[in-house]
file work.cif (mmCIF, C-alpha atoms)
data_upload
#
loop_
_atom_site.label_atom_id
_atom_site.label_comp_id
_atom_site.auth_asym_id
_atom_site.auth_seq_id
_atom_site.Cartn_x
_atom_site.Cartn_y
_atom_site.Cartn_z
CA MET X 17 119.15 -41.97 -22.72
CA ASN X 18 118.36 -41.50 -19.06
CA GLU X 19 115.76 -39.07 -17.80
CA GLN X 20 118.25 -36.34 -16.99
CA GLN X 21 119.43 -36.20 -20.59
CA HIS X 22 116.01 -35.24 -21.98
CA PRO X 23 116.12 -31.49 -22.63
CA GLU X 24 112.48 -31.06 -21.66
CA ASN X 25 113.26 -32.42 -18.21
CA HIS X 26 115.79 -29.68 -17.52
CA PRO X 27 114.10 -26.63 -16.01
CA ASP X 28 115.81 -24.20 -18.39
CA HIS X 29 115.11 -26.35 -21.43
CA ALA X 30 111.45 -26.97 -20.65
CA GLU X 31 110.65 -23.42 -21.65
CA LEU X 32 110.75 -21.46 -24.86
CA HIS X 33 111.55 -17.78 -24.85
CA VAL X 34 109.98 -16.08 -27.88
CA GLU X 35 108.99 -12.62 -29.06
CA VAL X 36 105.32 -12.11 -29.97
CA VAL X 37 104.16 -9.38 -32.34
CA PRO X 38 100.41 -8.92 -32.74
CA THR X 39 99.33 -8.47 -36.34
CA GLY X 40 99.25 -4.80 -37.23
CA SER X 41 102.00 -4.00 -34.76
CA VAL X 42 105.77 -3.79 -35.06
CA THR X 43 106.50 -4.03 -31.35
CA PRO X 44 107.57 -7.43 -30.01
CA THR X 45 106.76 -8.54 -26.47
CA PRO X 46 108.79 -11.30 -24.80
CA PHE X 47 106.90 -14.41 -23.75
CA THR X 48 107.96 -17.61 -22.05
CA PHE X 49 105.96 -20.73 -22.83
CA GLU X 50 106.30 -24.37 -21.91
CA ARG X 51 107.60 -26.31 -24.91
CA THR X 52 104.75 -28.75 -24.45
CA MET X 53 102.06 -26.06 -24.55
CA LEU X 54 99.66 -26.29 -27.49
CA VAL X 55 100.04 -23.56 -30.10
CA ALA X 56 96.37 -22.59 -29.70
CA ARG X 57 96.68 -22.22 -25.95
CA ALA X 58 99.87 -20.19 -26.18
CA ALA X 59 98.32 -17.91 -28.78
CA ALA X 60 95.22 -17.43 -26.65
CA GLU X 61 97.39 -16.57 -23.66
CA ALA X 62 99.36 -14.04 -25.71
CA ALA X 63 96.18 -12.52 -27.14
CA GLU X 64 94.72 -12.06 -23.69
CA ARG X 65 97.87 -10.46 -22.31
CA LEU X 66 98.33 -8.18 -25.31
CA LYS X 67 94.60 -7.35 -25.43
CA TYR X 68 94.45 -8.50 -29.05
CA ARG X 69 90.79 -9.22 -29.79
CA ALA X 70 91.15 -12.18 -32.14
CA LYS X 71 88.25 -14.57 -32.69
CA VAL X 72 90.62 -17.54 -33.10
CA PRO X 73 94.13 -16.56 -31.99
CA GLY X 74 97.01 -18.30 -33.72
CA PHE X 75 100.67 -17.89 -34.52
CA GLN X 76 102.54 -17.61 -37.76
CA THR X 77 106.26 -17.23 -38.35
CA GLU X 78 107.81 -14.15 -39.90
CA ASN X 79 107.83 -16.14 -43.16
CA ASP X 80 104.02 -16.45 -43.10
CA HIS X 81 104.02 -20.10 -42.05
CA GLN X 82 100.95 -20.67 -39.87
CA LEU X 83 101.64 -22.96 -36.94
CA PRO X 84 99.27 -25.94 -36.49
CA GLU X 85 96.97 -25.05 -33.61
CA ASN X 86 96.78 -28.54 -32.13
CA GLU X 87 100.53 -29.19 -32.02
CA THR X 88 102.81 -28.34 -29.15
CA LEU X 89 105.11 -25.41 -29.68
CA GLU X 90 108.05 -27.81 -29.79
CA ARG X 91 106.47 -30.10 -32.39
CA ALA X 92 105.48 -27.04 -34.40
CA GLY X 93 109.18 -26.26 -34.67
CA VAL X 94 109.28 -23.11 -32.57
CA ARG X 95 112.82 -22.24 -31.60
CA ASP X 96 114.17 -20.29 -28.66
CA GLY X 97 114.36 -16.60 -29.54
CA GLU X 98 111.99 -16.89 -32.50
CA VAL X 99 109.62 -14.08 -33.42
CA LEU X 100 105.99 -15.22 -33.69
CA VAL X 101 103.27 -13.11 -35.26
CA LEU X 102 100.00 -13.30 -33.35
CA ILE X 103 97.16 -13.52 -35.87
CA ASP X 104 93.44 -14.13 -36.02
CA THR X 105 93.03 -17.38 -37.95
CA ALA X 106 89.29 -16.85 -38.43
CA GLY X 107 88.53 -16.08 -42.03
CA GLY X 108 86.38 -13.71 -43.99
CA VAL X 109 82.66 -14.30 -44.06
CA MET F 23 77.55 11.59 -39.58
CA ILE F 24 79.88 12.55 -36.77
CA PRO F 25 81.89 15.77 -36.70
CA VAL F 26 84.95 15.76 -38.93
CA GLU F 27 87.06 16.86 -35.95
CA VAL F 28 86.12 13.66 -34.12
CA THR F 29 87.06 11.51 -37.08
CA LEU F 30 90.36 13.37 -37.51
CA ALA F 31 91.14 12.84 -33.84
CA HIS F 32 90.63 9.09 -34.22
CA LEU F 33 92.82 9.11 -37.31
CA ALA F 34 95.51 11.06 -35.48
CA ASP F 35 95.58 8.26 -32.89
CA GLU F 36 95.50 5.35 -35.30
CA LEU F 37 97.46 6.46 -38.34
CA PRO F 38 100.96 6.62 -36.78
CA PRO F 39 100.96 2.94 -35.71
CA ALA F 40 99.34 2.01 -39.02
CA GLU F 41 102.10 3.84 -40.87
CA GLN F 42 104.73 2.06 -38.78
CA TRP F 43 103.20 -1.28 -39.67
CA ALA F 44 102.80 -0.28 -43.33
CA LYS F 45 106.43 0.74 -43.67
CA ALA F 46 107.55 -2.64 -42.32
CA ALA F 47 105.07 -4.56 -44.50
CA GLY F 48 105.68 -2.83 -47.82
CA TRP F 49 102.63 -0.57 -47.98
CA GLN F 50 102.44 3.18 -48.44
CA LEU F 51 99.64 5.08 -46.72
CA GLN F 52 98.28 8.48 -47.62
CA LEU F 53 95.34 10.27 -46.08
CA ASP F 54 93.34 12.80 -48.04
CA ALA F 55 92.14 14.77 -45.03
CA ASP F 56 89.79 16.90 -47.13
CA GLU F 57 87.97 14.00 -48.73
CA LEU F 58 88.55 11.69 -45.74
CA VAL F 59 89.86 8.91 -47.93
CA LEU F 60 92.76 6.69 -46.93
CA GLU F 61 94.87 5.28 -49.75
CA ALA F 62 97.05 2.25 -49.15
CA ALA F 63 99.34 1.19 -51.97
CA THR F 64 101.32 -2.00 -52.36
CA ILE F 65 102.12 -4.55 -55.06
CA HIS F 66 100.43 -7.83 -55.86
CA PRO F 67 102.40 -10.78 -54.42
CA VAL F 68 102.36 -12.71 -57.71
CA ASP F 69 102.27 -10.24 -60.61
CA HIS F 70 104.17 -7.55 -58.70
CA GLN F 71 102.01 -4.84 -60.28
CA PRO F 72 100.56 -1.98 -58.22
CA LEU F 73 97.52 -2.46 -56.02
CA LEU F 74 95.54 0.34 -54.45
CA LEU F 75 93.33 -0.18 -51.42
CA LEU F 76 90.94 2.69 -50.74
CA ALA F 77 88.93 3.41 -47.63
CA GLY F 78 86.49 6.19 -47.03
CA VAL F 79 86.97 7.12 -43.39
CA ASP F 80 84.19 9.67 -43.05
CA SER F 81 82.37 9.18 -39.75
CA TYR F 82 85.09 6.84 -38.50
CA ARG F 83 84.80 5.30 -35.85
CA ALA F 84 81.02 5.46 -35.78
CA LEU F 85 81.21 3.69 -39.13
CA PRO F 86 83.93 1.32 -40.31
CA PRO F 87 86.12 2.32 -43.28
CA SER F 88 84.83 1.50 -46.77
CA TRP F 89 87.72 -0.77 -47.74
CA ARG F 90 87.93 -1.84 -51.39
CA PHE F 91 90.60 -2.36 -54.03
CA ALA F 92 90.50 0.18 -56.84
CA ASP F 93 92.30 1.08 -60.03
CA PRO F 94 95.39 3.13 -59.08
CA GLU F 95 94.64 5.65 -61.85
CA THR F 96 90.85 5.98 -61.91
CA LYS F 97 90.25 5.06 -58.23
CA ILE F 98 87.31 2.91 -59.39
CA ALA F 99 86.83 -0.66 -58.20
CA THR F 100 87.26 -3.02 -61.15
CA PRO F 101 87.93 -6.75 -61.58
CA ARG F 102 91.44 -5.97 -62.83
CA ALA F 103 92.14 -3.87 -59.72
CA THR F 104 90.91 -6.60 -57.37
CA PRO F 105 93.07 -9.53 -56.23
CA SER F 106 91.65 -13.01 -56.69
CA ARG F 107 89.98 -14.61 -53.70
CA GLU F 108 91.84 -17.65 -52.40
CA SER F 109 91.51 -19.82 -49.33
CA VAL F 110 93.61 -18.70 -46.39
CA HIS F 111 94.76 -21.88 -44.67
CA GLY F 112 91.31 -23.34 -45.32
CA ALA F 113 89.43 -20.23 -44.21
CA ALA F 114 87.67 -17.74 -46.48
CA SER F 115 89.49 -14.64 -47.61
CA VAL F 116 88.22 -11.19 -46.69
CA ILE F 117 88.93 -10.25 -50.31
CA TYR F 118 85.44 -11.03 -51.52
CA GLY F 119 84.91 -9.47 -54.92
CA VAL F 120 84.94 -6.21 -56.82
CA GLY F 121 84.53 -3.35 -54.38
CA VAL F 122 84.04 -5.56 -51.32
CA ILE F 123 86.24 -6.48 -48.39
CA CYS F 124 84.06 -8.90 -46.47
CA ALA F 125 84.69 -8.47 -42.77
CA HIS F 126 82.99 -6.75 -39.86
CA PHE F 127 85.49 -3.88 -40.09
CA SER F 128 84.62 -3.02 -43.70
CA ARG F 129 81.67 -0.84 -44.64
CA THR F 130 81.60 -2.44 -48.09
CA ALA F 131 80.43 -5.72 -46.53
CA TYR F 132 77.21 -4.16 -45.23
CA LYS F 133 73.87 -3.93 -46.96
CA GLY F 134 73.51 -0.50 -45.40
CA TYR F 135 76.36 0.62 -47.65
CA ASP F 136 75.30 -1.30 -50.74
CA PRO F 137 72.06 -3.34 -50.89
CA GLY F 138 73.99 -5.93 -52.90
CA ALA F 139 76.57 -6.40 -50.16
CA PRO F 140 76.66 -9.72 -48.30
CA HIS F 141 75.75 -8.79 -44.72
CA ASP F 142 73.43 -6.83 -42.47
CA TRP F 143 74.96 -7.68 -39.09
CA GLY F 144 72.60 -5.31 -37.30
CA GLY F 145 73.79 -2.34 -39.31
CA MET F 146 77.07 -0.57 -39.86
CA LEU F 147 76.89 1.22 -36.52
CA SER F 148 77.24 -2.16 -34.82
CA TRP F 149 80.53 -2.97 -36.53
CA GLU F 150 82.62 -3.09 -33.37
CA SER F 151 80.40 -5.72 -31.74
CA VAL F 152 80.05 -8.06 -34.74
CA SER F 153 81.75 -11.31 -33.69
CA GLU F 154 81.50 -13.22 -36.97
CA GLY F 155 84.73 -13.79 -38.85
CA VAL F 156 88.24 -12.44 -38.47
CA GLN F 157 88.50 -9.51 -36.08
CA ALA F 158 90.23 -6.15 -36.47
CA HIS F 159 89.42 -3.06 -34.48
CA VAL F 160 91.98 -0.41 -35.44
CA LEU F 161 93.33 0.65 -38.83
CA ALA F 162 96.66 -1.16 -38.42
CA GLU F 163 94.92 -4.43 -37.62
CA MET F 164 92.53 -4.03 -40.55
CA LEU F 165 95.37 -3.40 -42.97
CA ALA F 166 97.35 -6.32 -41.58
CA VAL F 167 94.42 -8.72 -41.99
CA ILE F 168 93.86 -7.62 -45.60
CA ASP F 169 97.60 -7.95 -46.23
CA GLN F 170 97.65 -11.42 -44.65
CA HIS F 171 94.85 -12.58 -46.95
CA LEU F 172 96.30 -10.80 -49.98
CA ARG F 173 99.43 -12.95 -49.66
CA PHE F 174 97.36 -15.96 -50.74
CA SER F 175 96.04 -14.29 -53.90
CA LYS F 176 97.29 -15.93 -57.07
CA GLY F 177 96.09 -13.31 -59.53
CA ARG F 178 93.33 -10.86 -60.21
CA LEU F 179 89.61 -11.14 -60.75
CA GLY F 180 89.85 -9.89 -64.30
#
call {"tool": "encode", "arguments": {"input": "work.cif", "output": "structure tokens"}}
result
Amino acid sequence: MNEQQHPENHPDHAELHVEVVPTGSVTPTPFTFERTMLVARAAAEAAERLKYRAKVPGFQTENDHQLPENETLERAGVRDGEVLVLIDTAGGV
Amino acid sequence: MIPVEVTLAHLADELPPAEQWAKAAGWQLQLDADELVLEAATIHPVDHQPLLLLAGVDSYRALPPSWRFADPETKIATPRATPSRESVHGAASVIYGVGVICAHFSRTAYKGYDPGAPHDWGGMLSWESVSEGVQAHVLAEMLAVIDQHLRFSKGRLG
């Protein structure tokens, strides 16, 4: 496969368009992330923009599957158009 | 204590979004405005029997709500009324034990509420600035965190 055939090398395919809903909310906000962005970084970016005061921001799917923080969004299986719930992955104390 | 009118004003701001979230998440909320107690009802994810989460919201937001699971009939915290505490993706659950939700946003976690409670954290009045553990700063977020941790419960404490 030559370089041009890699989806991540195409400008439109290098990005993921998702909807982010902070926990406790029902209102999604559209976000665009690089596919290669780490889950933790994307979640932190979303938390900052949405003013969600999480100690350790993270994402889970609508089916309660928590995305691995040190994987890229692409490797974590995030799909274009997916709804991600922004959570605080810190636990009780 | 802060004036009831102040607490009711905070609740008027925070309850509508909390009710929106609750409706989507399978909870039913009811505020007893005379007693200043919030009742949140749902079912256990495994046994599918009723669960009742109570929160005294007197002096809210000077003090955090007194979140605890209680018997749906007697309104008393019991082992049977309390979901079991399970790890949440390797982290501790906020569902701590009978009558205690262990998080900065829960009055029942503070020694100032109950000397047998786990934490001091500088006192209940400091609840909004406590940085330890999972964070929630409005009623909808608090309910969503408890719900998130409840989904890992496999049973009840008794």
call {"tool": "residues_around", "arguments": {"input": "work.cif", "residues": "segment 82-93 of chain X", "least_positions_apart": "3", "cutoff": "6 Å", "atoms": "all atoms listed in the file", "output": "MDAnalysis selection string"}}
result
chainID X and resid 51:56 75:76
call {"tool": "interface_residues", "arguments": {"input": "work.cif", "of": "chain X", "to": "chain F", "cutoff": "9 Å", "atoms": "only C-alpha atoms", "output": "PDB file with C-alpha atoms, keeping the file's coordinate frame"}}
result
ATOM      1  CA  PRO X  38     100.410  -8.920 -32.740  1.00  0.00           C
ATOM      2  CA  THR X  39      99.330  -8.470 -36.340  1.00  0.00           C
ATOM      3  CA  GLY X  40      99.250  -4.800 -37.230  1.00  0.00           C
ATOM      4  CA  SER X  41     102.000  -4.000 -34.760  1.00  0.00           C
ATOM      5  CA  VAL X  42     105.770  -3.790 -35.060  1.00  0.00           C
ATOM      6  CA  TYR X  68      94.450  -8.500 -29.050  1.00  0.00           C
ATOM      7  CA  ARG X  69      90.790  -9.220 -29.790  1.00  0.00           C
ATOM      8  CA  ALA X  70      91.150 -12.180 -32.140  1.00  0.00           C
ATOM      9  CA  LYS X  71      88.250 -14.570 -32.690  1.00  0.00           C
ATOM     10  CA  VAL X  72      90.620 -17.540 -33.100  1.00  0.00           C
ATOM     11  CA  ASP X  80     104.020 -16.450 -43.100  1.00  0.00           C
ATOM     12  CA  GLN X  82     100.950 -20.670 -39.870  1.00  0.00           C
ATOM     13  CA  ILE X 103      97.160 -13.520 -35.870  1.00  0.00           C
ATOM     14  CA  ASP X 104      93.440 -14.130 -36.020  1.00  0.00           C
ATOM     15  CA  THR X 105      93.030 -17.380 -37.950  1.00  0.00           C
ATOM     16  CA  ALA X 106      89.290 -16.850 -38.430  1.00  0.00           C
ATOM     17  CA  GLY X 107      88.530 -16.080 -42.030  1.00  0.00           C
ATOM     18  CA  GLY X 108      86.380 -13.710 -43.990  1.00  0.00           C
ATOM     19  CA  VAL X 109      82.660 -14.300 -44.060  1.00  0.00           C
TER      20      VAL X 109
END
call {"tool": "residues_around", "arguments": {"input": "work.cif", "residues": "Pro72 of chain F", "least_positions_apart": "3", "cutoff": "8 Å", "atoms": "all atoms listed in the file", "output": "compact mmCIF listing (two decimals) with C-alpha atoms, in the coordinates of the input"}}
result
# COMPACT_ATOMS: atom_id res chain seq x y z
CA ALA F 63 99.34 1.19 -51.97
CA THR F 64 101.32 -2.00 -52.36
CA ILE F 65 102.12 -4.55 -55.06
CA HIS F 66 100.43 -7.83 -55.86
CA PRO F 94 95.39 3.13 -59.08
call {"tool": "atom_distance", "arguments": {"input": "work.cif", "atom1": "atom CA of Gly97 of chain X", "atom2": "atom CA of Glu64 of chain X"}}
result
21.0 Å
call {"tool": "atom_distance", "arguments": {"input": "work.cif", "atom1": "atom CA of Phe127 of chain F", "atom2": "atom CA of Trp149 of chain F"}}
result
6.2 Å
call {"tool": "resolve_selection", "arguments": {"input": "work.cif", "expression": "the PyMOL selection byres ((chain X and resi 37) around 6)", "output": "PDB file with C-alpha atoms, in the frame of the given file"}}
result
ATOM      1  CA  VAL X  36     105.320 -12.110 -29.970  1.00  0.00           C
ATOM      2  CA  PRO X  38     100.410  -8.920 -32.740  1.00  0.00           C
ATOM      3  CA  THR X  43     106.500  -4.030 -31.350  1.00  0.00           C
ATOM      4  CA  PRO X  44     107.570  -7.430 -30.010  1.00  0.00           C
ATOM      5  CA  VAL X 101     103.270 -13.110 -35.260  1.00  0.00           C
ATOM      6  CA  LEU X 102     100.000 -13.300 -33.350  1.00  0.00           C
TER       7      LEU X 102
END
call {"tool": "residues_around", "arguments": {"input": "work.cif", "residues": "Arg95 of chain X", "least_positions_apart": "3", "cutoff": "8 Å", "atoms": "all atoms listed in the file", "output": "list in words"}}
result
Leu32, Val34, Glu90 and Glu98 of chain X
call {"tool": "closest_residue", "arguments": {"input": "work.cif", "among": "F:Lys176, F:Val120, F:Pro105, F:Thr29", "to": "Gly138 of chain F", "atoms": "all atoms listed in the file"}}
result
F:Val120
call {"tool": "residues_around", "arguments": {"input": "work.cif", "residues": "Leu58 of chain F", "least_positions_apart": "4", "cutoff": "9 Å", "atoms": "all atoms listed in the file", "output": "PDB file with C-alpha atoms, keeping the file's coordinate frame"}}
result
ATOM      1  CA  VAL F  26      84.950  15.760 -38.930  1.00  0.00           C
ATOM      2  CA  THR F  29      87.060  11.510 -37.080  1.00  0.00           C
ATOM      3  CA  LEU F  30      90.360  13.370 -37.510  1.00  0.00           C
ATOM      4  CA  LEU F  53      95.340  10.270 -46.080  1.00  0.00           C
ATOM      5  CA  ASP F  54      93.340  12.800 -48.040  1.00  0.00           C
ATOM      6  CA  ALA F  77      88.930   3.410 -47.630  1.00  0.00           C
ATOM      7  CA  GLY F  78      86.490   6.190 -47.030  1.00  0.00           C
ATOM      8  CA  VAL F  79      86.970   7.120 -43.390  1.00  0.00           C
ATOM      9  CA  ASP F  80      84.190   9.670 -43.050  1.00  0.00           C
ATOM     10  CA  SER F  81      82.370   9.180 -39.750  1.00  0.00           C
TER      11      SER F  81
END
call {"tool": "atom_distance", "arguments": {"input": "work.cif", "atom1": "atom CA of Leu75 of chain F", "atom2": "atom CA of Ser175 of chain F"}}
result
14.6 Å
call {"tool": "axis_aligned_box", "arguments": {"input": "work.cif", "around": "segment 154-162 of chain F", "padding_each_side": "3 Å", "output": "JSON"}}
result
{"center_x": 89.1, "center_y": -6.6, "center_z": -36.7, "size_x": 21.2, "size_y": 20.4, "size_z": 10.4}
call {"tool": "residues_around", "arguments": {"input": "work.cif", "residues": "Thr130 of chain F", "least_positions_apart": "3", "cutoff": "8 Å", "atoms": "all atoms listed in the file", "output": "JSON, numbers by chain"}}
result
{"F": [88, 89, 90, 121, 122, 123, 124, 133, 135, 136, 139]}
call {"tool": "resolve_selection", "arguments": {"input": "work.cif", "expression": "the PyMOL selection byres ((chain X and resi 48) around 6)", "output": "PDB file with C-alpha atoms, in the coordinates of the input"}}
result
ATOM      1  CA  LEU X  32     110.750 -21.460 -24.860  1.00  0.00           C
ATOM      2  CA  HIS X  33     111.550 -17.780 -24.850  1.00  0.00           C
ATOM      3  CA  PHE X  47     106.900 -14.410 -23.750  1.00  0.00           C
ATOM      4  CA  PHE X  49     105.960 -20.730 -22.830  1.00  0.00           C
TER       5      PHE X  49
END
call {"tool": "residues_near_point", "arguments": {"input": "work.cif", "point": "(91.8, -0.8, -56.8)", "cutoff": "8 Å", "atoms": "only C-alpha atoms", "output": "list of chain:residue names"}}
result
F:Leu73, F:Leu74, F:Leu75, F:Leu76, F:Arg90, F:Phe91, F:Ala92, F:Asp93, F:Pro94, F:Lys97, F:Ile98, F:Ala99, F:Thr100, F:Arg102, F:Ala103, F:Thr104
